[in-house]
Amino acid sequence: MIPKRWPLLFPVITVVLLSSFSVFASAPADSAQKVIVRSITLKGNYRTRDRIILREMTLHMGDSVQLADLPGRIAWDQRNINNTTLFVTVDVATEITPAVDAKTLAQLDLTILMKERWYVIAYPVFDLADRNFNEWWYDRGRDFSRVIYGGRLSYRNVTGNNDRVQVVVERGFQQRTVLSYSKPYIDLAQKIGLRVDLAYTTNKEIPYRTQFDKWVYVKSDEVLRERAYAAVILTHRRGLYHYHTLDTRYIRNTIADTIAKLNPDYFLDGRTSQQYLTMSYAYRYDRRDNIVYPLQGTLLAGAVGVSGLLPHDNFHFLDLSASATRYWALGGRFYFAGNVRARATWPTRQPYYNLRGLGNAIDMVRGYELYVVDGQRTFIFRNSLRYQLFNVRKQLNWLHVRQFNTVPIAAYLTAFGDAGYVSSTVAEQYQSKLANRLLMGTGMSLDVVSFYNLVMRFSGTVNAQGNVGFFFNLAQEL
């Protein structure tokens, strides 16, 4: 065991790096010279409509561009198209035709070469009910009764407009049915999108309280919790990198009398139901080179949510959150990522069911994967220094299905250091040892990025309490 006062080292870089791009080897020495985009040819988008691809580009027919800016513009356009996640690979070929005289500009012909993904995926579900694989492995004794099974259908790019139909039917530890349809653009200007969700979930085993920063479960032959919601989500995309989302949903949750007796604060005051209309607005500035595993770029996000908008609602809640992440290329094969995230909720007295601090979703300080820290305010500071081991594209010529015979794979060795804090008024009530104190964790991981947006992370960590762990996650680094 490492002593509790073992010093933790956190990489902190404050130098702002300026990225640069080299011009084409065939370009004239005068980098101020301009070219005009004469044509843009799209190849390989057999289903995807041209306008969905052209929407992602900064270069359009008729644009004039300085040769010095051209490599950077093309690189970002390639990344933007790739970030639609509609394609396995995206490549750009260029051809420049010299000007015929001093009064005209050289002409640029662009060819975008794409290989589309397989868009209809129906597959069986075999998932774990716990927060992550590590909790199931270490704390739940690898209990296979906690498995969720069923089937999922994901039909992507249904009409060629990057729309999606999803159907989820799950049984086992959790009974869940979800229907969803989304379309990123419903207007001719390709700015406004729509998504509609319907979901219904029941559980016969649930955590009814937290003790010593671990969930305590209760099990029954009867349904202990029922959840249902209907959501309508409107999106507005301004330009290429600005996203606005307005989410309106009606939620109804019920619990058995058993849960209300075990924890009267589950919905507060011994109530067995919770119903309310909630509306939230979120803004995101997303200019990353790769949304699956970014190495360069910026991600800024903020959100405000208000619950309890109808007179008969019995749950009232205000939720504010913000985050900023920056990705730098340090030169060679080295990359750095830094993230700051904060969240605050009101009122101070909250139902246990809605009380969330660290340990849920991406709100995690690495090194504390096995803990849940409940509270009303959270702050997280995460840092990652990455070294690219390799980044290759394997062509499986023996496989004659074009959507599957190209396999990109990359691996990164990552050193990380995180810090976090949870402000909680219920720390004593739930016997928390981690709330209201600085949490720190550090370690190293091997990150493997592969086929169809799959990111696997194998990490070894140590936290401020001296706990050492080895963890596996199917998740993004930041």
# chains A, B, ... in the order shown; residues from 1 in each chain; ligands from 1
>>> residues_around(residues="Gly151 in chain A", least_positions_apart="4", cutoff="7 Å", atoms="only C-alpha atoms", output="PyMOL selection string")
chain A and resi 123-125+168-170
>>> residues_around(residues="range 274-281 of chain A", least_positions_apart="4", cutoff="8 Å", atoms="only C-alpha atoms", output="ChimeraX atom specification")
/A:244-254,267,303-310,312-316
>>> write_last_selection(atoms="C-alpha atoms", output="mmCIF file, in the first residue's frame")
data_model
loop_
_atom_site.group_PDB
_atom_site.id
_atom_site.type_symbol
_atom_site.label_atom_id
_atom_site.label_comp_id
_atom_site.auth_asym_id
_atom_site.auth_seq_id
_atom_site.Cartn_x
_atom_site.Cartn_y
_atom_site.Cartn_z
ATOM 1 C CA HIS A 244 -27.343 25.036 -29.446
ATOM 2 C CA THR A 245 -29.753 22.519 -27.903
ATOM 3 C CA LEU A 246 -33.188 23.018 -26.324
ATOM 4 C CA ASP A 247 -34.333 19.873 -24.524
ATOM 5 C CA THR A 248 -37.919 19.593 -23.246
ATOM 6 C CA ARG A 249 -39.074 16.419 -21.538
ATOM 7 C CA TYR A 250 -41.786 15.178 -19.209
ATOM 8 C CA ILE A 251 -40.587 12.694 -16.594
ATOM 9 C CA ARG A 252 -42.465 10.402 -14.249
ATOM 10 C CA ASN A 253 -40.670 8.226 -11.679
ATOM 11 C CA THR A 254 -42.255 5.944 -9.083
ATOM 12 C CA PHE A 267 -37.895 11.432 -3.384
ATOM 13 C CA ALA A 303 -25.856 24.259 -19.817
ATOM 14 C CA VAL A 304 -28.724 25.452 -17.652
ATOM 15 C CA GLY A 305 -31.695 23.259 -16.744
ATOM 16 C CA VAL A 306 -34.904 24.079 -14.878
ATOM 17 C CA SER A 307 -37.255 21.375 -13.581
ATOM 18 C CA GLY A 308 -40.750 21.778 -12.163
ATOM 19 C CA LEU A 309 -42.342 24.090 -14.741
ATOM 20 C CA LEU A 310 -45.946 22.884 -14.322
ATOM 21 C CA HIS A 312 -48.709 20.100 -10.307
ATOM 22 C CA ASP A 313 -44.984 19.204 -10.498
ATOM 23 C CA ASN A 314 -43.546 17.895 -7.216
ATOM 24 C CA PHE A 315 -39.876 18.311 -8.098
ATOM 25 C CA HIS A 316 -38.164 21.697 -8.539
#
>>> atom_distance(atom1="CA of Trp76 in chain A", atom2="CA of Arg117 in chain A")
20.7 Å
>>> atom_distance(atom1="CA of Tyr185 in chain A", atom2="CA of Tyr285 in chain A")
18.0 Å
>>> atom_distance(atom1="CA of Val92 in chain A", atom2="CA of Gln107 in chain A")
16.1 Å
